[in-house]
Amino acid sequence: MQNSRKKLNWRGATLGLALATFVLTLTLFPSRSAAQNDQPQDDPPTRVARLGYMEGSVSFQPAGEDEWVGAVDNRPLTTGDKLWADKGSRAELQLGTAVIRLSENTGVSFLNLDDHTVQVQLSSGAINIRVRRLDRDDDFEIDTPNLAFTLSQAGSYRLAASDDGSNTTVTIRAGDGEATGNGQTYSVHAGQTATFSGTDSLNADVEQVGDPDQFDTWADGREHRHDASRSAEYLSPETVGYDDLDDSGDWRDGGEYGHVWFPRVQADWAPYREGHWAWIDPWGYTWVDDSPWGYAPFHYGRWVSVEGRWGWIPGPRAEVPVYAPALVVFIGAGGGWGGNIGWFPLGPREVFVPSYPVSRGYMTQINVSSTTVNVTQVTNVYNTTIVNKTTNITNVTYVNRTVQGGVTAVPQNAFASAQPVGRAAVKVTPQQIASAPVSSRVAVNPTPAAVMGGKASTAGHVAAPPAAVMRRQVVAKATPPPPPVPFAKKQQAMAAHPGQPIAKHELASLRPAAAAHPAVKIAPPGKPATPTTGHPAAQPNGARPGQPAAPANQPANRPGTPPPAAQPNRPAPNQPPAAQPNKPETNRPAEPNRPPAAQPNRPPAAQPSKPENRPAEPNRTPAAQPNRPPAAQPSKPENRPAEPNRTPAAQPNRPPAAQPSKPENRPAEPNRTPAAQPNRPPAAQPSKPEPNRPPAARPENKPPAPTRNEPAAKPSTPPAAQHPPAASKPAPPPAKKEPAKTPEEKKREEKPPGA
């Protein structure tokens with residue numbers, strides 16, 4: 001009996017544990033049907049880019065708008081937003097795991113920015129990118145007018161697009177990447193600088209990385225601030241803007257709250273008071289703080305008042321932070337609170353309820369990454385405010401609602417038009433605060449000024465990119481989302497739910513059918529290509545990007561470069577010296593008092609066996625060569641380096657018969673007048689008889705000395721004893737010559753007739 005009770009208790013415990021596990025699983029991992037009901041496709045990205053630093057004149061254009069306005073610090077940027085750094089200006093965009101820094105005369109835009117994609121349009125100028133972490137499912141792409149560059153791993157990158165969009169330079173000091181354009185792909189590795197030219201075809205030249213310039217040095221200095229930040233000890237390294245906390249506040253142990261950061265501010269200061277409210281889709285009303293450090297404490301974590309001083313508590317260090325537009329609760333958000341709108345910061349362990357459409361999983365993630373909170377509590381709040389559509393949160397006690405000076409209020413018009421809160425703030429009493437309803441969103445639609453931001457009044461009065469840059473298309477590898485819808489087209493749809501952004505699936509109906517991104521040209525699938533190496537001025541084969549390369553057996557077209565050692569042109573043993581091509585040489589000074597050697601009716605000398613292996617000389621105007629005998633040539637002309645721009649020395653006349661035996665096998669010589677072919681009849685040669693000198697009397701490979709005004713020796717051998725012509729080309733028939741007469745024949749001729 002006792003054993004059966006133990007078994008029953010054990011089975012009950014096991015069943016209870018299984019039920020508890022099942023409930024916890026449903027809470028943390030909702031089913032597919034629940035996720036579909038929660039519309040996860042409407043969840044906004046969990047990250048944005050922060051405009052964290054500026055120098056000089058920097059302009060900004062919100063997504064979907066045509067006007068440029070002055071940029072402001074701490075502005076969150078997302079898909080569709082554009083930024084322009086004018087002459088002598090610089091800017092820095094922070095993304096948590098990466099930083100993008102802009103040089104002067106540089107324009108960028110986010111074609112796509114979400115949890116796993118960073119797609120940047122670089123129309124003109126130069127950017128420096130530092131990627132601290134890149135996961136396998138992350139895509140980081142930079143699109144320029146002639147290529148799309150994909151980062152393969154974390155590292156340090158620099159890309160520069162020319163003013164006319166014809167070329168892009170990629171420099172990698174650490175990392176790896178791939179350039180794609182016009183059906184070609186090129187790999188670029190650490191320590192390389194690649195210059196990509198051409199728009200119809202993508203050509204690449206790769207060389208070693210050079211020394212950093214002023215822009216690189218500035219970027220390195222900004223990066224050092226991040227690497228040396230003390231605040232990295234207390235929060236997640238992906239928290240955007242934490243390195244700005246070091247110089248403006250102090251970290252202290254807050255007891256039950258853990259480490260708390262206290263800003264150095266005046267006594268009556270309160271969070272969310274020095275800045276303005278901007279409208280940024282798809283989040284809606286977004287807080288933009290004026291303080292240089294005013295980003296991380298207003299988009300992550302919670303605020304607490306400790307002994308009359310405000311302190312900021314970051315989220316758990318092990319959690320990846322999720323961006324929030326503003327972690328506040330609104331008071332009188334329906335406009336019935338005396339025409340004013342107020343708010344106060346969320347405290348520790350309090351649940352943030354987004355004012356934009358979200359799924360259950362998103363709401364859980366954004367809360368557990370910002371504060372220590374029970375998941376069940378988050379789920380209960382989600383069911384109350386999102387599922388049941390209860391927008392007023394009346395059953396929650398918020399600690400900061402009753403803190404003296406913790407509530408800030410402004411007139412409704414000031415709130416909805418991005419006016420500075422510090423100047424527009426109105427005084428409210430504790431009684432008014434206690435009696436006003438609280439809400440997760442403001443039920444008031446924004447004005448166009450809220451879309452343009454804190455410097456909306458500067459529209460049309462700031463530096464903007466040149467018109468050619470603004471209209472320029474870029475090459476993209478990944479297809480970006482459709483272009484954003486202008487605010488004017490969304491105003492009517494927003495009237496049905498004031499103060500709430502339009503869901504993604506509803507925005508589709510406001511776009512034209514099959515709207516393609518006008519600023520993007522999708523690159524065709526690419527095949528791996530091999531770039532040239534070295535600077536374009538010193539390319540192998542004399543090739544520059546976009547120019548055809550010389551044949552493999554042809555030397556580079558560089559002055560002063562000797563022929564390759566692997567292609568000697570020396571005569572074979574037992575052969576006379578290699579005959580030179582029959583090139584007429586102009587501008588050659590004649591040798592005085594040296595008549596041409598008398599070598600008529602001489603058959604062609606034996607030619608080299610492989611004249612076709614002689615390298616051609618590209619881009620060289622052939623010098624005229626008067627007829628000269630091969631005897632006057634040096635024994636090894638192939639070992640003599642070419643001397644460009646030098647008038648060739650005069651050489652004895654050589655008959656045109658001394659041509660290569662296989663001229664048809666000789667590689668073509670570009671830009672060169674064809675040499676005259678040696679098919680001349682011997683009758684065109686001088687008529688002086690040829691000396692009867694046997695070839696055997698001439699040493700091998702040694703040219704005979706030229707004759708100088710000497711009478712020709714009497715022939716000792718008949719012409720038939722001379723060398724026959726080369727087999728590959730039959731020699732023309734020799735000129736007719738009367739045979740020598742014997743003494744008897746001479747006597748008979750001298751004897752008078754009839755003797």
# chains A, B, ... in the order shown; residues from 1 in each chain; ligands from 1

$ select_by_dssp --residues "segment 209-411 of chain A" --states "strand (DSSP E or B)" --output "VMD selection string"
chain A and resid 249 to 253 259 to 263 275 to 280 284 to 289 302 to 306 309 to 313 328 to 331 337 340 to 345 392 408 to 411

$ write_last_selection --atoms "N, CA and C atoms" --output "tab-separated table (two decimals), in the first residue's frame"
chain	number	residue	atom	x	y	z
A	249	GLY	N	29.24	61.31	-16.78
A	249	GLY	CA	28.58	60.75	-15.61
A	249	GLY	C	29.47	59.77	-14.89
A	250	ASP	N	28.92	59.14	-13.86
A	250	ASP	CA	29.67	58.23	-13.01
A	250	ASP	C	28.85	56.98	-12.73
A	251	TRP	N	29.54	55.85	-12.65
A	251	TRP	CA	28.92	54.58	-12.32
A	251	TRP	C	29.05	54.32	-10.82
A	252	ARG	N	27.94	53.90	-10.22
A	252	ARG	CA	27.94	53.58	-8.79
A	252	ARG	C	27.13	52.31	-8.56
A	253	ASP	N	27.40	51.71	-7.42
A	253	ASP	CA	26.63	50.52	-7.03
A	253	ASP	C	25.30	50.98	-6.46
A	259	HIS	N	24.50	48.15	-10.94
A	259	HIS	CA	25.28	49.33	-11.30
A	259	HIS	C	24.36	50.38	-11.94
A	260	VAL	N	24.47	51.61	-11.46
A	260	VAL	CA	23.64	52.72	-11.91
A	260	VAL	C	24.56	53.83	-12.40
A	261	TRP	N	24.19	54.43	-13.53
A	261	TRP	CA	24.95	55.55	-14.06
A	261	TRP	C	24.22	56.85	-13.75
A	262	PHE	N	24.94	57.80	-13.12
A	262	PHE	CA	24.36	59.09	-12.73
A	262	PHE	C	24.97	60.19	-13.60
A	263	PRO	N	24.15	60.86	-14.41
A	263	PRO	CA	24.69	61.94	-15.25
A	263	PRO	C	25.04	63.16	-14.41
A	275	GLY	N	15.09	68.02	-25.26
A	275	GLY	CA	15.07	67.40	-26.57
A	275	GLY	C	13.75	67.69	-27.27
A	276	HIS	N	13.36	66.82	-28.20
A	276	HIS	CA	12.09	67.00	-28.90
A	276	HIS	C	11.55	65.63	-29.32
A	277	TRP	N	10.26	65.62	-29.69
A	277	TRP	CA	9.61	64.41	-30.18
A	277	TRP	C	9.52	64.47	-31.70
A	278	ALA	N	10.09	63.46	-32.36
A	278	ALA	CA	10.03	63.34	-33.83
A	278	ALA	C	9.19	62.13	-34.19
A	279	TRP	N	8.62	62.16	-35.39
A	279	TRP	CA	7.84	61.03	-35.87
A	279	TRP	C	8.69	60.22	-36.83
A	280	ILE	N	8.99	58.97	-36.45
A	280	ILE	CA	9.84	58.10	-37.26
A	280	ILE	C	9.12	56.76	-37.42
A	284	GLY	N	6.73	55.52	-34.70
A	284	GLY	CA	5.88	56.65	-34.33
A	284	GLY	C	6.67	57.70	-33.57
A	285	TYR	N	6.08	58.25	-32.51
A	285	TYR	CA	6.75	59.31	-31.74
A	285	TYR	C	8.01	58.76	-31.09
A	286	THR	N	9.12	59.47	-31.35
A	286	THR	CA	10.45	59.04	-30.92
A	286	THR	C	11.15	60.19	-30.23
A	287	TRP	N	11.78	59.89	-29.09
A	287	TRP	CA	12.49	60.92	-28.36
A	287	TRP	C	13.89	61.12	-28.94
A	288	VAL	N	14.25	62.41	-29.19
A	288	VAL	CA	15.58	62.78	-29.66
A	288	VAL	C	16.16	63.76	-28.64
A	289	ASP	N	17.16	63.31	-27.89
A	289	ASP	CA	17.71	64.11	-26.80
A	289	ASP	C	18.79	65.06	-27.30
A	302	ARG	N	16.18	51.57	-17.81
A	302	ARG	CA	15.17	52.25	-17.00
A	302	ARG	C	15.82	53.34	-16.16
A	303	TRP	N	14.97	54.30	-15.66
A	303	TRP	CA	15.44	55.38	-14.81
A	303	TRP	C	14.88	55.20	-13.40
A	304	VAL	N	15.69	55.64	-12.42
A	304	VAL	CA	15.29	55.56	-11.02
A	304	VAL	C	15.80	56.80	-10.30
A	305	SER	N	15.02	57.26	-9.33
A	305	SER	CA	15.43	58.41	-8.52
A	305	SER	C	15.99	57.89	-7.20
A	306	VAL	N	17.26	58.18	-6.96
A	306	VAL	CA	17.94	57.73	-5.74
A	306	VAL	C	18.38	58.97	-4.97
A	309	ARG	N	18.27	62.17	-6.87
A	309	ARG	CA	19.11	62.27	-8.07
A	309	ARG	C	18.74	61.16	-9.04
A	310	TRP	N	18.58	61.54	-10.31
A	310	TRP	CA	18.20	60.57	-11.31
A	310	TRP	C	19.40	59.73	-11.75
A	311	GLY	N	19.15	58.41	-11.83
A	311	GLY	CA	20.18	57.49	-12.30
A	311	GLY	C	19.61	56.53	-13.33
A	312	TRP	N	20.48	56.09	-14.23
A	312	TRP	CA	20.05	55.20	-15.32
A	312	TRP	C	20.54	53.79	-15.06
A	313	ILE	N	19.62	52.82	-15.21
A	313	ILE	CA	19.95	51.41	-15.00
A	313	ILE	C	19.89	50.69	-16.35
A	328	VAL	N	8.75	55.43	-21.96
A	328	VAL	CA	7.97	56.33	-21.10
A	328	VAL	C	6.52	55.85	-21.04
A	329	VAL	N	5.77	56.47	-20.13
A	329	VAL	CA	4.32	56.33	-20.05
A	329	VAL	C	3.74	57.73	-20.20
A	330	PHE	N	2.69	57.86	-21.02
A	330	PHE	CA	2.10	59.17	-21.30
A	330	PHE	C	0.93	59.45	-20.36
A	331	ILE	N	0.73	60.74	-20.09
A	331	ILE	CA	-0.38	61.22	-19.26
A	331	ILE	C	-1.22	62.17	-20.11
A	337	TRP	N	-6.40	66.62	-21.35
A	337	TRP	CA	-5.76	67.07	-20.10
A	337	TRP	C	-5.33	68.53	-20.24
A	340	ASN	N	-2.84	69.62	-22.91
A	340	ASN	CA	-1.42	69.30	-22.75
A	340	ASN	C	-1.18	67.78	-22.84
A	341	ILE	N	0.06	67.44	-23.12
A	341	ILE	CA	0.50	66.04	-23.15
A	341	ILE	C	1.71	65.92	-22.23
A	342	GLY	N	1.66	64.97	-21.33
A	342	GLY	CA	2.77	64.77	-20.39
A	342	GLY	C	3.30	63.34	-20.47
A	343	TRP	N	4.43	63.10	-19.79
A	343	TRP	CA	5.07	61.78	-19.77
A	343	TRP	C	6.05	61.70	-18.60
A	344	PHE	N	6.44	60.50	-18.25
A	344	PHE	CA	7.47	60.25	-17.24
A	344	PHE	C	8.19	58.96	-17.60
A	345	PRO	N	9.44	58.78	-17.16
A	345	PRO	CA	10.21	57.59	-17.54
A	345	PRO	C	9.76	56.35	-16.78
A	392	ASN	N	-5.52	52.24	-22.05
A	392	ASN	CA	-5.24	52.91	-20.78
A	392	ASN	C	-4.79	51.89	-19.74
A	408	THR	N	6.99	65.62	-17.20
A	408	THR	CA	7.18	66.76	-18.10
A	408	THR	C	5.97	66.86	-19.01
A	409	ALA	N	5.51	68.09	-19.27
A	409	ALA	CA	4.32	68.30	-20.11
A	409	ALA	C	4.54	69.48	-21.03
A	410	VAL	N	3.96	69.40	-22.23
A	410	VAL	CA	4.01	70.48	-23.21
A	410	VAL	C	2.63	70.57	-23.87
A	411	PRO	N	2.32	71.71	-24.49
A	411	PRO	CA	1.06	71.80	-25.24
A	411	PRO	C	1.04	70.77	-26.37

$ closest_atom_pairs --of "segment 185-287 of chain A" --to "segment 355-371 of chain A" --cutoff "10 Å" --atoms "only C-alpha atoms" --output "tab-separated table"
residue	atom	partner	partner_atom	distance
A:Ser236	CA	A:Ser369	CA	9.6
A:Tyr257	CA	A:Thr371	CA	9.7
A:Asp281	CA	A:Tyr356	CA	9.4
A:Pro282	CA	A:Tyr356	CA	7.3
A:Trp283	CA	A:Tyr356	CA	5.8
A:Gly284	CA	A:Tyr356	CA	7.0
A:Tyr285	CA	A:Ser355	CA	8.7

$ closest_residue --among "A:Val407, A:Val69, A:Ala148, A:Ala160" --to "Thr458 of chain A" --atoms "only C-alpha atoms"
A:Val69

$ atom_distance --atom1 "atom CA of Asp243 of chain A" --atom2 "atom CA of Leu83 of chain A"
22.7 Å

$ closest_residue --among "A:Val188, A:Asn167, A:Ser109, A:Arg50" --to "Pro531 of chain A" --atoms "only C-alpha atoms"
A:Val188

$ residues_around --residues "segment 192-201 of chain A" --least-positions-apart "3" --cutoff "9 Å" --atoms "only C-alpha atoms" --output "number ranges by chain"
A: 145-147, 165-173, 179, 181-184, 188-189, 204-210, 531, 533, 545-546

$ write_last_selection --atoms "N, CA and C atoms" --output "PDB file, in the first residue's frame"
ATOM      1  N   PRO A 145      27.732  53.147 -57.401  1.00  0.00           N
ATOM      2  CA  PRO A 145      27.220  53.228 -58.778  1.00  0.00           C
ATOM      3  C   PRO A 145      27.697  52.126 -59.718  1.00  0.00           C
ATOM      4  N   ASN A 146      28.797  51.425 -59.412  1.00  0.00           N
ATOM      5  CA  ASN A 146      29.241  50.386 -60.345  1.00  0.00           C
ATOM      6  C   ASN A 146      29.469  49.023 -59.701  1.00  0.00           C
ATOM      7  N   LEU A 147      29.146  48.859 -58.398  1.00  0.00           N
ATOM      8  CA  LEU A 147      29.296  47.534 -57.807  1.00  0.00           C
ATOM      9  C   LEU A 147      28.545  47.450 -56.491  1.00  0.00           C
ATOM     10  N   GLY A 165      30.853  58.500 -60.518  1.00  0.00           N
ATOM     11  CA  GLY A 165      30.275  57.172 -60.393  1.00  0.00           C
ATOM     12  C   GLY A 165      30.901  56.113 -61.271  1.00  0.00           C
ATOM     13  N   SER A 166      32.065  56.384 -61.871  1.00  0.00           N
ATOM     14  CA  SER A 166      32.663  55.435 -62.804  1.00  0.00           C
ATOM     15  C   SER A 166      33.551  54.405 -62.128  1.00  0.00           C
ATOM     16  N   ASN A 167      34.000  54.666 -60.905  1.00  0.00           N
ATOM     17  CA  ASN A 167      34.863  53.687 -60.248  1.00  0.00           C
ATOM     18  C   ASN A 167      34.670  53.715 -58.740  1.00  0.00           C
ATOM     19  N   THR A 168      35.061  52.619 -58.112  1.00  0.00           N
ATOM     20  CA  THR A 168      34.962  52.446 -56.663  1.00  0.00           C
ATOM     21  C   THR A 168      36.265  51.849 -56.153  1.00  0.00           C
ATOM     22  N   THR A 169      36.755  52.377 -55.043  1.00  0.00           N
ATOM     23  CA  THR A 169      37.964  51.851 -54.417  1.00  0.00           C
ATOM     24  C   THR A 169      37.596  51.211 -53.087  1.00  0.00           C
ATOM     25  N   VAL A 170      38.038  49.971 -52.893  1.00  0.00           N
ATOM     26  CA  VAL A 170      37.777  49.222 -51.665  1.00  0.00           C
ATOM     27  C   VAL A 170      39.104  48.947 -50.979  1.00  0.00           C
ATOM     28  N   THR A 171      39.228  49.344 -49.726  1.00  0.00           N
ATOM     29  CA  THR A 171      40.429  49.100 -48.938  1.00  0.00           C
ATOM     30  C   THR A 171      40.056  48.290 -47.709  1.00  0.00           C
ATOM     31  N   ILE A 172      40.755  47.185 -47.498  1.00  0.00           N
ATOM     32  CA  ILE A 172      40.491  46.320 -46.345  1.00  0.00           C
ATOM     33  C   ILE A 172      41.763  46.218 -45.519  1.00  0.00           C
ATOM     34  N   ARG A 173      41.733  46.754 -44.328  1.00  0.00           N
ATOM     35  CA  ARG A 173      42.853  46.606 -43.398  1.00  0.00           C
ATOM     36  C   ARG A 173      42.685  45.359 -42.538  1.00  0.00           C
ATOM     37  N   ALA A 179      33.206  41.850 -54.252  1.00  0.00           N
ATOM     38  CA  ALA A 179      32.589  42.877 -55.091  1.00  0.00           C
ATOM     39  C   ALA A 179      31.867  42.203 -56.250  1.00  0.00           C
ATOM     40  N   GLY A 181      29.448  42.965 -59.824  1.00  0.00           N
ATOM     41  CA  GLY A 181      28.950  43.938 -60.782  1.00  0.00           C
ATOM     42  C   GLY A 181      29.043  43.415 -62.198  1.00  0.00           C
ATOM     43  N   ASN A 182      27.979  43.590 -62.968  1.00  0.00           N
ATOM     44  CA  ASN A 182      27.951  43.234 -64.382  1.00  0.00           C
ATOM     45  C   ASN A 182      28.368  41.795 -64.642  1.00  0.00           C
ATOM     46  N   GLY A 183      27.881  40.878 -63.811  1.00  0.00           N
ATOM     47  CA  GLY A 183      28.133  39.464 -64.032  1.00  0.00           C
ATOM     48  C   GLY A 183      29.492  38.979 -63.595  1.00  0.00           C
ATOM     49  N   GLN A 184      30.244  39.773 -62.826  1.00  0.00           N
ATOM     50  CA  GLN A 184      31.569  39.380 -62.355  1.00  0.00           C
ATOM     51  C   GLN A 184      31.656  39.579 -60.853  1.00  0.00           C
ATOM     52  N   VAL A 188      38.252  40.380 -52.314  1.00  0.00           N
ATOM     53  CA  VAL A 188      39.229  41.321 -51.783  1.00  0.00           C
ATOM     54  C   VAL A 188      39.538  40.898 -50.358  1.00  0.00           C
ATOM     55  N   HIS A 189      40.819  40.884 -50.006  1.00  0.00           N
ATOM     56  CA  HIS A 189      41.237  40.351 -48.718  1.00  0.00           C
ATOM     57  C   HIS A 189      41.945  41.421 -47.891  1.00  0.00           C
ATOM     58  N   ALA A 204      39.080  45.162 -62.324  1.00  0.00           N
ATOM     59  CA  ALA A 204      39.648  45.325 -60.987  1.00  0.00           C
ATOM     60  C   ALA A 204      41.167  45.314 -61.042  1.00  0.00           C
ATOM     61  N   ASP A 205      41.766  46.185 -60.256  1.00  0.00           N
ATOM     62  CA  ASP A 205      43.209  46.197 -60.053  1.00  0.00           C
ATOM     63  C   ASP A 205      43.462  46.192 -58.553  1.00  0.00           C
ATOM     64  N   VAL A 206      44.318  45.291 -58.090  1.00  0.00           N
ATOM     65  CA  VAL A 206      44.567  45.103 -56.659  1.00  0.00           C
ATOM     66  C   VAL A 206      46.016  45.415 -56.346  1.00  0.00           C
ATOM     67  N   GLU A 207      46.230  46.138 -55.276  1.00  0.00           N
ATOM     68  CA  GLU A 207      47.572  46.424 -54.783  1.00  0.00           C
ATOM     69  C   GLU A 207      47.559  46.409 -53.266  1.00  0.00           C
ATOM     70  N   GLN A 208      48.716  46.551 -52.665  1.00  0.00           N
ATOM     71  CA  GLN A 208      48.817  46.535 -51.215  1.00  0.00           C
ATOM     72  C   GLN A 208      48.266  47.827 -50.624  1.00  0.00           C
ATOM     73  N   VAL A 209      47.773  47.717 -49.391  1.00  0.00           N
ATOM     74  CA  VAL A 209      47.222  48.882 -48.699  1.00  0.00           C
ATOM     75  C   VAL A 209      48.320  49.907 -48.445  1.00  0.00           C
ATOM     76  N   GLY A 210      48.016  51.156 -48.703  1.00  0.00           N
ATOM     77  CA  GLY A 210      48.974  52.226 -48.458  1.00  0.00           C
ATOM     78  C   GLY A 210      48.842  52.806 -47.060  1.00  0.00           C
ATOM     79  N   PRO A 531      41.405  39.636 -60.697  1.00  0.00           N
ATOM     80  CA  PRO A 531      41.844  41.018 -60.921  1.00  0.00           C
ATOM     81  C   PRO A 531      43.303  41.061 -61.332  1.00  0.00           C
ATOM     82  N   THR A 533      47.044  42.688 -60.677  1.00  0.00           N
ATOM     83  CA  THR A 533      47.712  43.015 -59.424  1.00  0.00           C
ATOM     84  C   THR A 533      48.713  44.125 -59.654  1.00  0.00           C
ATOM     85  N   PRO A 545      43.096  48.505 -66.102  1.00  0.00           N
ATOM     86  CA  PRO A 545      41.695  48.080 -66.063  1.00  0.00           C
ATOM     87  C   PRO A 545      40.937  48.596 -67.274  1.00  0.00           C
ATOM     88  N   GLY A 546      40.237  47.714 -67.920  1.00  0.00           N
ATOM     89  CA  GLY A 546      39.462  48.092 -69.094  1.00  0.00           C
ATOM     90  C   GLY A 546      40.210  47.979 -70.400  1.00  0.00           C
TER      91      GLY A 546
END

$ closest_residue --among "A:Pro420, A:Pro512, A:Gly107, A:Gly70" --to "Pro484 of chain A" --atoms "only C-alpha atoms"
A:Pro512
